[in-house]
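Q: Let me begin by handing over the structure; questions about it come next.
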Amino acid sequence: MYDVLKLAEQFEIEGYKFYTSKKQEVKNKAVAEIFEYLAQMEKEHTEFIRNLMKSLEEGREIPEIPNQSASYFKSRYEGQKISETSPEDDIADLSVLRMAYLIEKDFMEFYGKAAEKETNEKVKSILIILRDWEEGHKKIIEEQIKAIIERNNLELGFYPF
């Protein structure tokens, strides 16, 4: 269990670093704001995992699971149209969004597989919640990818996920 949490902590740290650096690179303001939000969420996940590991090491009760919902963020951006950027900038942002999508997908799958193997029901429920949080992040990114594809009339015949 401890190994899973140590790996999860490292993944969350890397996610934070990715979003923090990439928010400076993207051209679209909405995408930059999403990356700022996701960086903050990854930071909070890291702190939660660290507190969980500390509690387990000290034999204390597992800490309360924070109430973290993507619904507020999603509703904030749902009505917001992607800001005007050039097609070239959109394509550049699209590739960064695709990387972000894959990161969230990997995190989601990692937590899901770890939960399947976990025998402690409380820990299993925490891993499932972490999986669900990452799935929410993935959906936010998917929506932005779709918006760029549609805005630029990219005839891909499919969405890249």
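By convention here, the chains of the structure tokens are called A, B, ... in the order presented, each chain's residues are numbered starting at 1, and ligands are numbered starting at 1 in the order presented.
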Give me, as CSV, each residue of range 105-134 of chain A that comes within 9 Å of range 3-20 of chain A, together with its shortest interatomic pair and the distance in Å at one decimal, counting only C-alpha atoms, with rows ordered by chain and rising residue number.
A:
```
residue,atom,partner,partner_atom,distance
A:Phe107,CA,A:Phe11,CA,7.4
A:Phe110,CA,A:Ala8,CA,8.3
A:Tyr111,CA,A:Ala8,CA,8.0
A:Ala114,CA,A:Val4,CA,7.2
```
Q: For the interface of range 114-160 of chain A with range 99-106 of chain A (cut-off 8 Å, counting only C-alpha atoms), please tabulate each contacting residue of range 114-160 of chain A alongside its nearest pair of atoms and their separation in Å to one decimal, rows sorted by chain and increasing number, as JSON lines.
A:
```
{"residue": "A:Glu134", "atom": "CA", "partner": "A:Glu104", "partner_atom": "CA", "distance": 5.6}
{"residue": "A:Glu135", "atom": "CA", "partner": "A:Glu104", "partner_atom": "CA", "distance": 6.9}
{"residue": "A:His137", "atom": "CA", "partner": "A:Glu104", "partner_atom": "CA", "distance": 6.5}
{"residue": "A:Lys138", "atom": "CA", "partner": "A:Glu104", "partner_atom": "CA", "distance": 5.3}
{"residue": "A:Ile141", "atom": "CA", "partner": "A:Tyr101", "partner_atom": "CA", "distance": 6.0}
{"residue": "A:Glu142", "atom": "CA", "partner": "A:Tyr101", "partner_atom": "CA", "distance": 7.0}
```
Q: So how far away is CA of Gln24 in chain A from CA of Ser95 in chain A, in Å?
A: 14.4 Å
Q: For Leu97 in chain A, which residue out of A:Arg151, A:His45, A:Arg60, A:Lys22 is the nearest one, using only C-alpha atoms?
A: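 Going through A:Arg151, A:His45, A:Arg60, A:Lys22 one by one, the smallest distance to Leu97 in chain A is for A:Lys22.
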Q: Extract, using only C-alpha atoms, all DNA, RNA and protein residues at most 8 Å from range 31-33 of chain A, discarding same-chain residues fewer than 4 positions from it, and format them as a PyMOL selection string.
A: chain A and resi 22-24+26-27+37+93+144
Q: Put those residues in a file: C-alpha atoms, as a PDB file, in the first residue's frame.
A:
```pdb
ATOM      1  CA  LYS A  22       2.531  24.452 -19.667  1.00  0.00           C
ATOM      2  CA  LYS A  23       0.120  27.162 -18.509  1.00  0.00           C
ATOM      3  CA  GLN A  24       2.833  29.640 -19.544  1.00  0.00           C
ATOM      4  CA  VAL A  26      -0.568  27.917 -24.106  1.00  0.00           C
ATOM      5  CA  LYS A  27      -2.046  30.821 -26.054  1.00  0.00           C
ATOM      6  CA  TYR A  37      -6.867  24.924 -11.819  1.00  0.00           C
ATOM      7  CA  ASP A  93      -2.536  24.295 -27.648  1.00  0.00           C
ATOM      8  CA  GLN A 144     -11.378  21.891 -24.547  1.00  0.00           C
TER       9      GLN A 144
END
```
Q: Per DSSP on the backbone, what are the alpha helix (DSSP H) residues of chain A, as an MDAnalysis selection string?
A: chainID A and resid 2:22 29:57 71:78 87:117 121:151
Q: Which residue out of A:Val96, A:Ile34, A:Leu154, A:Ile62 has the minimum interatomic distance to Ser125 in chain A when only C-alpha atoms are used?
A: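 Once distances to Ser125 in chain A are computed over only C-alpha atoms, the minimum belongs to A:Ile62.
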Q: Env of Asn152 in chain A: 9 Å cut, atoms = only C-alpha atoms, seq-sep filter 5 positions within chain, self excluded. Answer as a PyMOL selection string.
A: chain A and resi 87+90-91+147
Q: Grab the CA of Glu109 in chain A to CA of Arg131 in chain A distance for me, in Å with one decimal place.
A: 7.2 Å
Q: Between CA of Asp132 in chain A and CA of Phe48 in chain A, what distance in Å does the model show, to one decimal?
A: 14.9 Å
Q: Using only C-alpha atoms for the distances, tell me which of A:Ala92, A:Ile149, A:Leu130, A:Ile140 is nearest to Met108 in chain A.
A: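 Looking only at the distances to Met108 in chain A, the closest residue turns out to be A:Leu130.
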